[in-house]
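Visitor: Before we start, here is the structure in question, set down as structure tokens.
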Amino acid sequence: MSVAIVYSEKYLEHVPGPGHPERPDRLKAIVEGLKRAGLWHAPDVEIFEPNPAIREEIELAHDPEYITLFEKLSAMERPIDADTPVHKNTLELAMLASGGAIMAGRLVVSGDVRSAFALVRPPGHHASRSEGGGFCYFNNAAVMIKYVKKEFNIRRVFILDIDAHHGNGTQDIFYDDPTVLYMSIHQHPSTLYPGTGFVSEIGSGEGKGYNVNVPVGPGSDDADYEGIMREIFLPLSEQFRPELFVVSVGFDAHIDDPLTSLQLSTSAYGRLADFVIQQAERMCESRVIFLLEGGYDLNALSGGVLNIMKVMRGERFSPTTEPKHPEVIDEVKLALSDKWKL
Ligand SMILES: [Zn+2]
């Protein structure tokens, strides 16, 4: 079975403004890297062109009032915040990004492909139910997950968010939902936007214990992530038994990223994908959807996506380092000890 890339040239038309890091060159670098490596036209890789999501699909994850506000901001070209400008075409392109995520979800869940990478812009994980921000307008991952749960009767979804920033929007949307487990590894909120994602934020109501934040200090590297994946991701996913894995992939935890202070190597992205794909093979017929979030160094983006695609096609990435045991692992185990045996 082949793997899918979901991509539209129209994603290049999203231009937040001069000097903005979330720029079209990001996707150009990724696509050129895949073409250079021969993966874009490989026999087992299929490229799919998405349609925009429709309003009812966006409403699965967002308040109608927020969508209406966004429509008004689009007409007036008024920004959501200083980092998140709105132009005439922004609404349409944000709907196309969510549509790309939905398409990746449909392809994987219906069994047409083994796994999919949605190469979409604008990104989504900072968009909450009622608010955009941090370069994000609609939460592509959340819209897609709500969609596949409704249309395909998928019961349990595991989200792994490896963007350097905490996915405050995704956390917000699923905070009280025990059917969607959100796990995020991110640079510590006291040192980076958006300032959320503490270990103590573990979910509420029925969703208590289904929100797992693993904040890491500046300078954290491959060995820290290796330890966290072994000691938290593996037992947590084992016990939750998801029917689908969704990975919010930001490449801004890379050592060369200009916005953050983490130190992942390019091969770490292959290794992280390897963890998820091996779990998915054992648990849920290999169903994994990778969604592009942030990442602002062009070489880190193209090299990181390439390594993830290699793993999607069956290559394995062994650890290149002994795992470390950052203190946060014990904090997370303690905070979740009522719910999980980690
Ligand atoms: Zn980010």
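Following the order of the structure tokens, first chain is A, next is B, and so on, with residues numbered from 1 inside each chain and ligands from 1 in the order they appear.
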Do you have, as a Markdown table, the list of residues of chain A lying at most 9 Å from ligand 1, each with its nearest atom pair and that distance in Å to one decimal, counting only C-alpha atoms and all ligand atoms and ordered by chain then number?
Guide:
| residue | atom | partner | partner_atom_place_in_ligand_line | distance |
| --- | --- | --- | --- | --- |
| A:His125 | CA | ligand 1 | 1 (Zn) | 8.5 |
| A:His126 | CA | ligand 1 | 1 (Zn) | 8.8 |
| A:Gly134 | CA | ligand 1 | 1 (Zn) | 8.5 |
| A:Ile162 | CA | ligand 1 | 1 (Zn) | 8.7 |
| A:Asp163 | CA | ligand 1 | 1 (Zn) | 4.9 |
| A:Ala164 | CA | ligand 1 | 1 (Zn) | 4.9 |
| A:His165 | CA | ligand 1 | 1 (Zn) | 4.3 |
| A:His166 | CA | ligand 1 | 1 (Zn) | 7.4 |
| A:Gly167 | CA | ligand 1 | 1 (Zn) | 8.2 |
| A:His186 | CA | ligand 1 | 1 (Zn) | 8.7 |
| A:Tyr193 | CA | ligand 1 | 1 (Zn) | 8.6 |
| A:Val249 | CA | ligand 1 | 1 (Zn) | 8.9 |
| A:Gly250 | CA | ligand 1 | 1 (Zn) | 5.7 |
| A:Phe251 | CA | ligand 1 | 1 (Zn) | 7.5 |
| A:Asp252 | CA | ligand 1 | 1 (Zn) | 5.6 |
| A:Ala253 | CA | ligand 1 | 1 (Zn) | 7.8 |
| A:Leu259 | CA | ligand 1 | 1 (Zn) | 8.2 |
| A:Thr260 | CA | ligand 1 | 1 (Zn) | 8.3 |
| A:Glu293 | CA | ligand 1 | 1 (Zn) | 6.7 |
| A:Gly294 | CA | ligand 1 | 1 (Zn) | 4.4 |
| A:Gly295 | CA | ligand 1 | 1 (Zn) | 6.1 |
| A:Tyr296 | CA | ligand 1 | 1 (Zn) | 8.5 |
Visitor: Which residues, written as a VMD selection string, have at least one atom at most 10 Å from Ser302 in chain A, with only C-alpha atoms counted and residues fewer than 3 positions away on the same chain left out?
Guide: chain A and resid 26 to 34 251 266 297 to 299 305 to 307
Visitor: Can you pull out every residue within 12 Å of Arg230 in chain A, counting only C-alpha atoms, but drop anything in the same chain fewer than 5 positions away, and send it as a list of chain:residue names?
Guide: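 After dropping sequence-adjacent residues, the list is A:Ala223, A:Asp224, A:Tyr225, A:Pro235, A:Leu236, A:Ser237, A:Glu238, A:Arg271, A:Leu272, A:Asp274, A:Phe275, A:Val276, A:Gln279, A:Pro319, A:Glu322, A:Pro323, A:Lys324, A:His325, A:Ile329, A:Leu342.
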Visitor: Looking only at strand (DSSP E or B) from DSSP on the backbone, list the matching residues of range 201-323 of chain A as a list in words.
Guide: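 After running DSSP on the backbone, range 201-323 of chain A has strand (DSSP E or B) at Asn211, Val212, Asn213, Val214, Pro215, Val216, Asp221, Leu244, Phe245, Val246, Val247, Ser248, Val249, His254, Gln263, Leu264, Val288, Ile289, Phe290, Leu291 and Leu292 of chain A.
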Visitor: Just write the chosen residues, N, CA, C and O atoms, as an mmCIF file, in the first residue's frame.
Guide:
data_model
loop_
_atom_site.group_PDB
_atom_site.id
_atom_site.type_symbol
_atom_site.label_atom_id
_atom_site.label_comp_id
_atom_site.auth_asym_id
_atom_site.auth_seq_id
_atom_site.Cartn_x
_atom_site.Cartn_y
_atom_site.Cartn_z
ATOM 1 N N ASN A 211 -4.772 14.793 28.837
ATOM 2 C CA ASN A 211 -3.991 15.905 28.299
ATOM 3 C C ASN A 211 -2.616 15.842 28.964
ATOM 4 O O ASN A 211 -2.508 15.967 30.179
ATOM 5 N N VAL A 212 -1.597 15.607 28.172
ATOM 6 C CA VAL A 212 -0.274 15.286 28.719
ATOM 7 C C VAL A 212 0.759 16.269 28.176
ATOM 8 O O VAL A 212 1.127 16.214 26.996
ATOM 9 N N ASN A 213 1.188 17.173 29.043
ATOM 10 C CA ASN A 213 2.197 18.139 28.639
ATOM 11 C C ASN A 213 3.567 17.751 29.159
ATOM 12 O O ASN A 213 3.723 17.463 30.348
ATOM 13 N N VAL A 214 4.540 17.772 28.250
ATOM 14 C CA VAL A 214 5.923 17.456 28.612
ATOM 15 C C VAL A 214 6.805 18.637 28.208
ATOM 16 O O VAL A 214 7.413 18.643 27.133
ATOM 17 N N PRO A 215 6.855 19.668 29.066
ATOM 18 C CA PRO A 215 7.677 20.828 28.732
ATOM 19 C C PRO A 215 9.153 20.542 28.992
ATOM 20 O O PRO A 215 9.492 19.970 30.032
ATOM 21 N N VAL A 216 10.003 20.912 28.053
ATOM 22 C CA VAL A 216 11.446 20.652 28.204
ATOM 23 C C VAL A 216 12.217 21.968 28.187
ATOM 24 O O VAL A 216 11.782 22.945 27.570
ATOM 25 N N ASP A 221 17.680 18.006 23.766
ATOM 26 C CA ASP A 221 18.170 17.435 22.503
ATOM 27 C C ASP A 221 17.588 16.049 22.214
ATOM 28 O O ASP A 221 16.675 15.591 22.895
ATOM 29 N N LEU A 244 -6.199 5.620 15.857
ATOM 30 C CA LEU A 244 -5.551 6.518 14.897
ATOM 31 C C LEU A 244 -4.529 7.375 15.639
ATOM 32 O O LEU A 244 -4.802 7.839 16.743
ATOM 33 N N PHE A 245 -3.358 7.556 15.005
ATOM 34 C CA PHE A 245 -2.371 8.508 15.521
ATOM 35 C C PHE A 245 -2.336 9.740 14.614
ATOM 36 O O PHE A 245 -2.338 9.601 13.385
ATOM 37 N N VAL A 246 -2.298 10.907 15.234
ATOM 38 C CA VAL A 246 -2.124 12.160 14.489
ATOM 39 C C VAL A 246 -0.893 12.843 15.067
ATOM 40 O O VAL A 246 -0.781 12.981 16.284
ATOM 41 N N VAL A 247 0.030 13.227 14.197
ATOM 42 C CA VAL A 247 1.235 13.908 14.673
ATOM 43 C C VAL A 247 1.229 15.337 14.157
ATOM 44 O O VAL A 247 1.249 15.566 12.947
ATOM 45 N N SER A 248 1.150 16.291 15.081
ATOM 46 C CA SER A 248 1.324 17.704 14.729
ATOM 47 C C SER A 248 2.823 17.949 14.688
ATOM 48 O O SER A 248 3.476 18.017 15.725
ATOM 49 N N VAL A 249 3.350 18.042 13.460
ATOM 50 C CA VAL A 249 4.806 18.127 13.311
ATOM 51 C C VAL A 249 5.240 19.550 13.078
ATOM 52 O O VAL A 249 4.947 20.134 12.039
ATOM 53 N N HIS A 254 14.154 22.026 16.012
ATOM 54 C CA HIS A 254 15.473 21.751 15.405
ATOM 55 C C HIS A 254 16.509 22.764 15.889
ATOM 56 O O HIS A 254 16.186 23.931 16.117
ATOM 57 N N GLN A 263 17.260 21.674 20.544
ATOM 58 C CA GLN A 263 18.444 21.238 19.788
ATOM 59 C C GLN A 263 18.278 19.886 19.120
ATOM 60 O O GLN A 263 19.187 19.066 19.123
ATOM 61 N N LEU A 264 17.129 19.635 18.542
ATOM 62 C CA LEU A 264 16.958 18.370 17.831
ATOM 63 C C LEU A 264 17.775 18.373 16.542
ATOM 64 O O LEU A 264 17.922 19.400 15.877
ATOM 65 N N VAL A 288 -1.491 6.527 10.564
ATOM 66 C CA VAL A 288 -0.847 7.733 11.097
ATOM 67 C C VAL A 288 -1.031 8.871 10.110
ATOM 68 O O VAL A 288 -0.836 8.695 8.903
ATOM 69 N N ILE A 289 -1.397 10.027 10.633
ATOM 70 C CA ILE A 289 -1.470 11.238 9.809
ATOM 71 C C ILE A 289 -0.495 12.259 10.377
ATOM 72 O O ILE A 289 -0.556 12.587 11.568
ATOM 73 N N PHE A 290 0.426 12.712 9.543
ATOM 74 C CA PHE A 290 1.341 13.779 9.922
ATOM 75 C C PHE A 290 0.801 15.090 9.354
ATOM 76 O O PHE A 290 0.421 15.151 8.175
ATOM 77 N N LEU A 291 0.772 16.107 10.209
ATOM 78 C CA LEU A 291 0.280 17.424 9.779
ATOM 79 C C LEU A 291 1.365 18.455 10.011
ATOM 80 O O LEU A 291 1.901 18.541 11.118
ATOM 81 N N LEU A 292 1.647 19.268 9.014
ATOM 82 C CA LEU A 292 2.673 20.295 9.174
ATOM 83 C C LEU A 292 2.153 21.424 10.057
ATOM 84 O O LEU A 292 1.094 21.981 9.807
#
Visitor: Pick out the residues sitting within 6 Å of range 81-91 of chain A, and hand them over as a list of chain:residue names; count only C-alpha atoms, and ignore anything fewer than 3 positions along from it in its own chain.
Guide: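 Skipping anything fewer than 3 positions along the chain leaves A:Pro16, A:Ser74, A:Glu77, A:Arg78, A:Ala94, A:Gly133, A:Gly134, A:Phe135.
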